[in-house]
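Structure file coords-v6.txt (compact mmCIF, C-alpha atoms and all ligand atoms) is printed below.
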```txt
# COMPACT_ATOMS: atom_id res chain seq x y z
CA MET A 211 24.67 78.19 69.55
CA VAL A 212 25.30 81.73 70.75
CA SER A 213 27.79 83.65 68.63
CA VAL A 214 30.22 85.82 70.56
CA ARG A 215 32.93 88.30 69.66
CA ILE A 216 35.47 89.79 72.06
CA GLY A 217 37.20 93.16 71.84
CA ASN A 218 39.87 94.96 73.79
CA GLY A 219 40.61 98.67 74.03
CA TYR A 220 43.30 100.86 75.54
CA ASP A 221 43.78 104.61 75.81
CA ILE A 222 45.82 107.16 77.71
CA HIS A 223 45.47 110.93 78.02
CA ARG A 224 47.71 113.55 79.58
CA LEU A 225 46.66 115.26 82.84
CA VAL A 226 46.86 119.05 82.67
CA PRO A 227 45.46 122.06 84.57
CA GLU A 228 42.29 123.80 83.45
CA ARG A 229 40.66 120.79 81.83
CA PRO A 230 37.72 118.76 83.15
CA LEU A 231 38.25 115.20 84.35
CA ILE A 232 35.52 113.08 82.77
CA LEU A 233 35.48 109.29 83.11
CA GLY A 234 32.69 107.21 81.61
CA GLY A 235 30.72 110.42 81.12
CA VAL A 236 30.94 111.36 84.82
CA ARG A 237 32.62 114.63 85.70
CA ILE A 238 34.96 114.24 88.67
CA GLU A 239 36.24 117.14 90.73
CA HIS A 240 40.04 117.30 90.54
CA HIS A 241 42.65 120.03 90.11
CA LEU A 242 43.79 118.41 86.84
CA GLY A 243 41.85 117.14 83.85
CA LEU A 244 42.53 115.21 80.69
CA LEU A 245 43.89 116.83 77.54
CA GLY A 246 42.54 115.79 74.14
CA HIS A 247 40.77 116.86 71.00
CA SER A 248 37.42 115.66 72.37
CA ASP A 249 36.52 115.78 76.06
CA ALA A 250 39.34 113.21 76.49
CA ASP A 251 37.17 110.71 78.39
CA VAL A 252 39.84 108.04 78.41
CA LEU A 253 37.58 105.30 79.78
CA THR A 254 34.84 105.83 77.21
CA HIS A 255 37.50 105.86 74.49
CA ALA A 256 38.85 102.49 75.64
CA VAL A 257 35.30 101.07 75.67
CA MET A 258 34.64 102.39 72.16
CA ASP A 259 37.87 100.85 70.87
CA ALA A 260 36.91 97.53 72.46
CA LEU A 261 33.47 97.66 70.78
CA LEU A 262 34.99 98.46 67.38
CA GLY A 263 37.73 95.89 67.87
CA ALA A 264 35.21 93.15 68.60
CA LEU A 265 33.77 93.65 65.12
CA SER A 266 37.12 94.32 63.39
CA LEU A 267 35.93 97.82 62.55
CA GLY A 268 39.22 99.58 63.23
CA ASP A 269 39.55 102.16 66.00
CA ILE A 270 38.10 105.47 67.13
CA GLY A 271 40.95 107.44 65.54
CA HIS A 272 39.73 106.05 62.22
CA MET A 273 36.03 106.69 62.94
CA PHE A 274 36.52 110.12 64.57
CA PRO A 275 39.79 111.57 63.16
CA PRO A 276 41.40 114.11 65.55
CA THR A 277 42.03 116.30 62.49
CA ASP A 278 38.25 116.67 61.97
CA PRO A 279 36.95 119.88 63.62
CA ARG A 280 33.55 118.18 64.16
CA TRP A 281 35.01 116.22 67.07
CA ARG A 282 36.70 119.17 68.81
CA GLY A 283 35.44 119.19 72.40
CA ALA A 284 33.06 116.34 71.55
CA ASP A 285 31.09 114.65 74.32
CA SER A 286 32.55 111.14 74.22
CA LEU A 287 29.21 109.62 75.26
CA GLU A 288 27.79 110.94 71.99
CA LEU A 289 30.66 109.29 70.13
CA LEU A 290 29.88 106.10 72.08
CA ASP A 291 26.28 106.36 70.86
CA GLN A 292 27.54 106.31 67.27
CA VAL A 293 29.79 103.32 67.91
CA TYR A 294 26.92 101.50 69.64
CA GLN A 295 24.65 102.17 66.66
CA ARG A 296 27.21 100.41 64.46
CA VAL A 297 27.28 97.46 66.86
CA ARG A 298 23.47 97.24 66.88
CA GLY A 299 23.32 97.80 63.13
CA ALA A 300 25.60 94.81 62.61
CA GLY A 301 23.19 92.69 64.66
CA TRP A 302 25.13 92.49 67.94
CA GLN A 303 24.46 93.47 71.52
CA VAL A 304 26.81 93.91 74.43
CA GLY A 305 27.05 90.96 76.80
CA ASN A 306 29.30 92.60 79.35
CA ILE A 307 32.14 95.06 79.77
CA ASP A 308 35.09 94.84 82.12
CA ALA A 309 37.31 97.90 82.34
CA VAL A 310 40.09 99.25 84.50
CA VAL A 311 41.19 102.85 84.98
CA ILE A 312 44.79 103.42 86.04
CA ALA A 313 45.08 106.66 88.01
CA GLU A 314 47.21 107.61 90.99
CA ARG A 315 44.75 110.34 91.99
CA PRO A 316 41.98 111.19 92.52
CA LYS A 317 40.52 108.22 94.35
CA LEU A 318 37.88 106.85 92.00
CA LYS A 319 36.11 104.42 94.31
CA PRO A 320 33.37 106.93 95.29
CA HIS A 321 32.57 107.45 91.58
CA ILE A 322 32.61 103.88 90.30
CA SER A 323 28.90 103.14 90.62
CA ALA A 324 27.95 106.40 88.85
CA ILE A 325 30.41 105.57 86.07
CA CYS A 326 28.99 102.06 85.63
CA GLN A 327 25.45 103.47 85.57
CA SER A 328 26.44 106.10 83.00
CA LEU A 329 27.97 103.59 80.59
CA ALA A 330 25.20 101.04 81.17
CA THR A 331 22.48 103.59 80.35
CA ARG A 332 24.19 104.45 77.09
CA LEU A 333 24.52 100.81 76.02
CA ASP A 334 21.07 99.54 77.14
CA LEU A 335 22.66 97.41 79.88
CA ASN A 336 22.03 96.70 83.52
CA PRO A 337 24.74 98.20 85.71
CA ASN A 338 25.80 94.68 86.70
CA GLN A 339 26.85 94.08 83.09
CA VAL A 340 29.39 96.87 83.38
CA SER A 341 32.44 96.42 85.58
CA VAL A 342 34.78 99.37 86.07
CA LYS A 343 37.73 98.91 88.36
CA ALA A 344 40.26 101.50 89.45
CA THR A 345 43.87 100.97 90.40
CA THR A 346 46.88 103.14 91.09
CA ASN A 347 50.14 102.40 89.32
CA GLU A 348 52.10 102.27 92.61
CA GLY A 349 53.85 105.51 91.65
CA LEU A 350 55.34 103.91 88.55
CA GLY A 351 55.23 105.18 84.96
CA PRO A 352 53.24 108.11 83.58
CA GLU A 353 50.08 107.22 85.52
CA GLY A 354 52.08 106.83 88.72
CA ARG A 355 53.73 110.22 88.22
CA GLU A 356 50.26 111.71 87.62
CA GLU A 357 51.24 112.75 84.09
CA GLY A 358 48.22 110.94 82.70
CA ILE A 359 45.38 108.50 83.22
CA SER A 360 44.99 105.34 81.17
CA ALA A 361 42.15 102.88 80.74
CA GLN A 362 41.73 99.35 79.42
CA ALA A 363 38.48 97.66 78.48
CA VAL A 364 37.33 94.25 77.33
CA VAL A 365 33.86 93.78 75.87
CA LEU A 366 31.95 90.69 74.91
CA LEU A 367 29.40 91.00 72.11
CA VAL A 368 26.64 88.44 71.73
CA GLN A 369 24.24 87.73 68.89
MG MG A 401 41.47 108.99 73.55
```
Could you express the structure from this file as structure tokens?
Amino acid sequence: MVSVRIGNGYDIHRLVPERPLILGGVRIEHHLGLLGHSDADVLTHAVMDALLGALSLGDIGHMFPPTDPRWRGADSLELLDQVYQRVRGAGWQVGNIDAVVIAERPKLKPHISAICQSLATRLDLNPNQVSVKATTNEGLGPEGREEGISAQAVVLLVQ
């Protein structure tokens, strides 16, 4: 019998001027970017939290405390590498990922396949094992008012 574990992750970051917008490791041209201690890649953060959650290993705030200067401006894909090493070290591999990014603007559709490829490469997956969807929030809430971008992710780990 195949053992499986499921994890879910959520994150939100504030949109501000003079910051890059990076989603799943892909830099996207926009007049606003995400504010955070690291590069604030909200999608990668949600994926990392889902991976850690699947193994009951806490969350990324615990693994990479925002008070630690080592993670200032960190490339979130490099943090993802560390999380993935823990997953592999515990004897698991990723079955699939399904994620959604909630952003009013910019339109993310043109970037989705690059984002899937970026995350897949990092996690030794085929792009078809990584699903990233984008939706607006219909003008509602902080995402709808373009105050921030949030992301949710579900991952399945298999042994
Ligand atoms: Mg975050």
Using all atoms listed in the file, determine which residues lie at most 10 Å from A:Gln292, disregarding the query and same-chain residues fewer than 5 positions distant; provide the list as a ChimeraX atom specification. /A:258,273,286-287,297-298
What is the atom CA of A:His247 to atom CA of A:Pro275 distance in Å?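 Taking atom CA of A:His247 and atom CA of A:Pro275, their separation equals 9.5 Å.
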Top pick for closest residue to ligand MG 401 (chain A), considering A:Gly263, A:Pro279, A:Gly301, A:Gly358 and counting only C-alpha atoms and all ligand atoms: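 Residue with the minimum atom-to-atom distance to ligand MG 401 (chain A): A:Gly358.
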Show me the residues close to (28.8, 91.3, 77.1) - anything with an atom within 6 Å, counting only C-alpha atoms - and format the list as an mmCIF file with C-alpha atoms, in the coordinates of the input.
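The result, stored in part_19.cif:
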```cif
data_model
loop_
_atom_site.group_PDB
_atom_site.id
_atom_site.type_symbol
_atom_site.label_atom_id
_atom_site.label_comp_id
_atom_site.auth_asym_id
_atom_site.auth_seq_id
_atom_site.Cartn_x
_atom_site.Cartn_y
_atom_site.Cartn_z
ATOM 1 C CA VAL A 304 26.810 93.910 74.430
ATOM 2 C CA GLY A 305 27.050 90.960 76.800
ATOM 3 C CA ASN A 306 29.300 92.600 79.350
ATOM 4 C CA ILE A 307 32.140 95.060 79.770
ATOM 5 C CA VAL A 365 33.860 93.780 75.870
ATOM 6 C CA LEU A 366 31.950 90.690 74.910
ATOM 7 C CA LEU A 367 29.400 91.000 72.110
#
```
Which residues, written as a PyMOL selection string, have at least one atom at most 12 Å from A:Ser360, with all atoms listed in the file counted and residues fewer than 6 positions away on the same chain left out? chain A and resi 219-225+233+244+250-257+309-315+344-347+351-354
Measure the distance from atom CA of A:Lys343 to atom CA of A:Lys319 in Å and round it to one decimal.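 Rounded to one decimal, the two atoms are 8.3 Å apart.
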Hey, what's within 10 Å of A:Asp249 if we count all atoms listed in the file and toss same-chain stuff fewer than 6 positions away? As a PyMOL selection string, please? chain A and resi 229-233+235+243+281-287
Expressed in Å to a single decimal, how great is the separation between atom CA of A:Gly268 and atom CA of A:Tyr294?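 Pair atom CA of A:Gly268 / atom CA of A:Tyr294 returns 14.0 Å.
Closest approach to ligand MG 401 (chain A) from the set A:Ala260, A:Val364, A:Ile238, A:Ile270 is made by A:Ile270, with distances taken over all atoms listed in the file.
Each of A:Glu288, A:Asp269, A:Glu348, A:Asp278 was checked against ligand MG 401 (chain A) using all atoms listed in the file; the smallest atom-to-atom distance is that of A:Asp269.
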Counting only C-alpha atoms, figure out which residue out of A:Ser213, A:Ser266, A:Ser248, A:Asn218 gets nearest to A:Gln362.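 Ranking A:Ser213, A:Ser266, A:Ser248, A:Asn218 by distance to A:Gln362, first place goes to A:Asn218.
The list of residues with at least one atom within 12 Å of A:Gly299, based on all atoms listed in the file and without residues fewer than 6 positions apart in the same chain, reads Leu265, Asp291, Gln292, Val293 and Gln369 of chain A.
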Report the centre and edge lengths, in Å to one decimal, of an axis-aligned box enclosing every atom of stretch 273-276 of chain A listed in the file, padded by 4 Å on each side, as JSON.
```
{"center_x": 38.7, "center_y": 110.4, "center_z": 64.2, "size_x": 13.4, "size_y": 15.4, "size_z": 10.6}
```
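Nearest residue to ligand MG 401 (chain A), choosing from A:Gly217, A:Gly349, A:Pro227, A:Pro276 and counting all atoms listed in the file: A:Pro276.
Each of A:Leu333, A:Leu245, A:Leu262, A:Val236 was checked against A:Leu318 using all atoms listed in the file; the smallest atom-to-atom distance is that of A:Val236.
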Output stretch 266-277 of chain A with all heavy atoms present, as an mmCIF file, in the frame of the given file.
```
data_model
loop_
_atom_site.group_PDB
_atom_site.id
_atom_site.type_symbol
_atom_site.label_atom_id
_atom_site.label_comp_id
_atom_site.auth_asym_id
_atom_site.auth_seq_id
_atom_site.Cartn_x
_atom_site.Cartn_y
_atom_site.Cartn_z
ATOM 1 N N SER A 266 36.048 94.038 64.370
ATOM 2 C CA SER A 266 37.120 94.320 63.390
ATOM 3 C C SER A 266 36.804 95.554 62.563
ATOM 4 O O SER A 266 36.982 95.567 61.345
ATOM 5 C CB SER A 266 37.360 93.106 62.467
ATOM 6 O OG SER A 266 37.660 91.960 63.231
ATOM 7 N N LEU A 267 36.315 96.591 63.242
ATOM 8 C CA LEU A 267 35.930 97.820 62.550
ATOM 9 C C LEU A 267 36.963 98.931 62.722
ATOM 10 O O LEU A 267 36.654 100.116 62.578
ATOM 11 C CB LEU A 267 34.560 98.313 63.060
ATOM 12 C CG LEU A 267 33.351 97.448 62.668
ATOM 13 C CD1 LEU A 267 32.090 97.926 63.381
ATOM 14 C CD2 LEU A 267 33.146 97.461 61.159
ATOM 15 N N GLY A 268 38.182 98.572 63.074
ATOM 16 C CA GLY A 268 39.220 99.580 63.230
ATOM 17 C C GLY A 268 39.186 100.205 64.612
ATOM 18 O O GLY A 268 38.870 99.539 65.592
ATOM 19 N N ASP A 269 39.490 101.510 64.689
ATOM 20 C CA ASP A 269 39.550 102.160 66.000
ATOM 21 C C ASP A 269 38.894 103.535 65.928
ATOM 22 O O ASP A 269 38.493 103.995 64.860
ATOM 23 C CB ASP A 269 40.996 102.243 66.505
ATOM 24 C CG ASP A 269 41.893 103.023 65.562
ATOM 25 O OD1 ASP A 269 41.436 104.023 64.970
ATOM 26 O OD2 ASP A 269 43.064 102.630 65.413
ATOM 27 N N ILE A 270 38.822 104.188 67.089
ATOM 28 C CA ILE A 270 38.100 105.470 67.130
ATOM 29 C C ILE A 270 38.856 106.571 66.388
ATOM 30 O O ILE A 270 38.239 107.496 65.894
ATOM 31 C CB ILE A 270 37.745 105.912 68.567
ATOM 32 C CG1 ILE A 270 38.973 105.972 69.461
ATOM 33 C CG2 ILE A 270 36.687 105.030 69.161
ATOM 34 C CD1 ILE A 270 38.688 106.621 70.805
ATOM 35 N N GLY A 271 40.185 106.448 66.304
ATOM 36 C CA GLY A 271 40.950 107.440 65.540
ATOM 37 C C GLY A 271 40.556 107.416 64.066
ATOM 38 O O GLY A 271 40.591 108.428 63.372
ATOM 39 N N HIS A 272 40.162 106.233 63.606
ATOM 40 C CA HIS A 272 39.730 106.050 62.220
ATOM 41 C C HIS A 272 38.298 106.587 62.051
ATOM 42 O O HIS A 272 37.977 107.254 61.071
ATOM 43 C CB HIS A 272 39.797 104.562 61.890
ATOM 44 C CG HIS A 272 39.365 104.211 60.510
ATOM 45 N ND1 HIS A 272 40.156 104.410 59.409
ATOM 46 C CD2 HIS A 272 38.200 103.685 60.052
ATOM 47 C CE1 HIS A 272 39.498 104.016 58.318
ATOM 48 N NE2 HIS A 272 38.313 103.566 58.686
ATOM 49 N N MET A 273 37.449 106.304 63.042
ATOM 50 C CA MET A 273 36.030 106.690 62.940
ATOM 51 C C MET A 273 35.841 108.186 63.239
ATOM 52 O O MET A 273 34.980 108.833 62.633
ATOM 53 C CB MET A 273 35.211 105.846 63.929
ATOM 54 C CG MET A 273 33.717 105.903 63.701
ATOM 55 S SD MET A 273 32.854 104.592 64.617
ATOM 56 C CE MET A 273 31.162 105.192 64.477
ATOM 57 N N PHE A 274 36.633 108.705 64.181
ATOM 58 C CA PHE A 274 36.520 110.120 64.570
ATOM 59 C C PHE A 274 37.912 110.756 64.492
ATOM 60 O O PHE A 274 38.551 110.970 65.527
ATOM 61 C CB PHE A 274 35.978 110.249 65.993
ATOM 62 C CG PHE A 274 34.705 109.487 66.250
ATOM 63 C CD1 PHE A 274 34.706 108.339 67.019
ATOM 64 C CD2 PHE A 274 33.492 109.924 65.719
ATOM 65 C CE1 PHE A 274 33.538 107.621 67.261
ATOM 66 C CE2 PHE A 274 32.320 109.218 65.951
ATOM 67 C CZ PHE A 274 32.344 108.075 66.714
ATOM 68 N N PRO A 275 38.404 111.075 63.287
ATOM 69 C CA PRO A 275 39.790 111.570 63.160
ATOM 70 C C PRO A 275 40.003 112.848 63.977
ATOM 71 O O PRO A 275 39.171 113.760 63.936
ATOM 72 C CB PRO A 275 39.921 111.863 61.664
ATOM 73 C CG PRO A 275 38.826 111.097 60.995
ATOM 74 C CD PRO A 275 37.719 111.000 62.003
ATOM 75 N N PRO A 276 41.117 112.915 64.746
ATOM 76 C CA PRO A 276 41.400 114.110 65.550
ATOM 77 C C PRO A 276 41.646 115.350 64.697
ATOM 78 O O PRO A 276 41.657 116.466 65.220
ATOM 79 C CB PRO A 276 42.643 113.717 66.358
ATOM 80 C CG PRO A 276 43.193 112.500 65.738
ATOM 81 C CD PRO A 276 42.098 111.846 64.952
ATOM 82 N N THR A 277 41.844 115.148 63.385
ATOM 83 C CA THR A 277 42.030 116.300 62.490
ATOM 84 C C THR A 277 40.685 116.899 62.074
ATOM 85 O O THR A 277 40.652 117.969 61.473
ATOM 86 C CB THR A 277 42.767 115.844 61.211
ATOM 87 O OG1 THR A 277 42.099 114.682 60.688
ATOM 88 C CG2 THR A 277 44.220 115.499 61.503
#
```
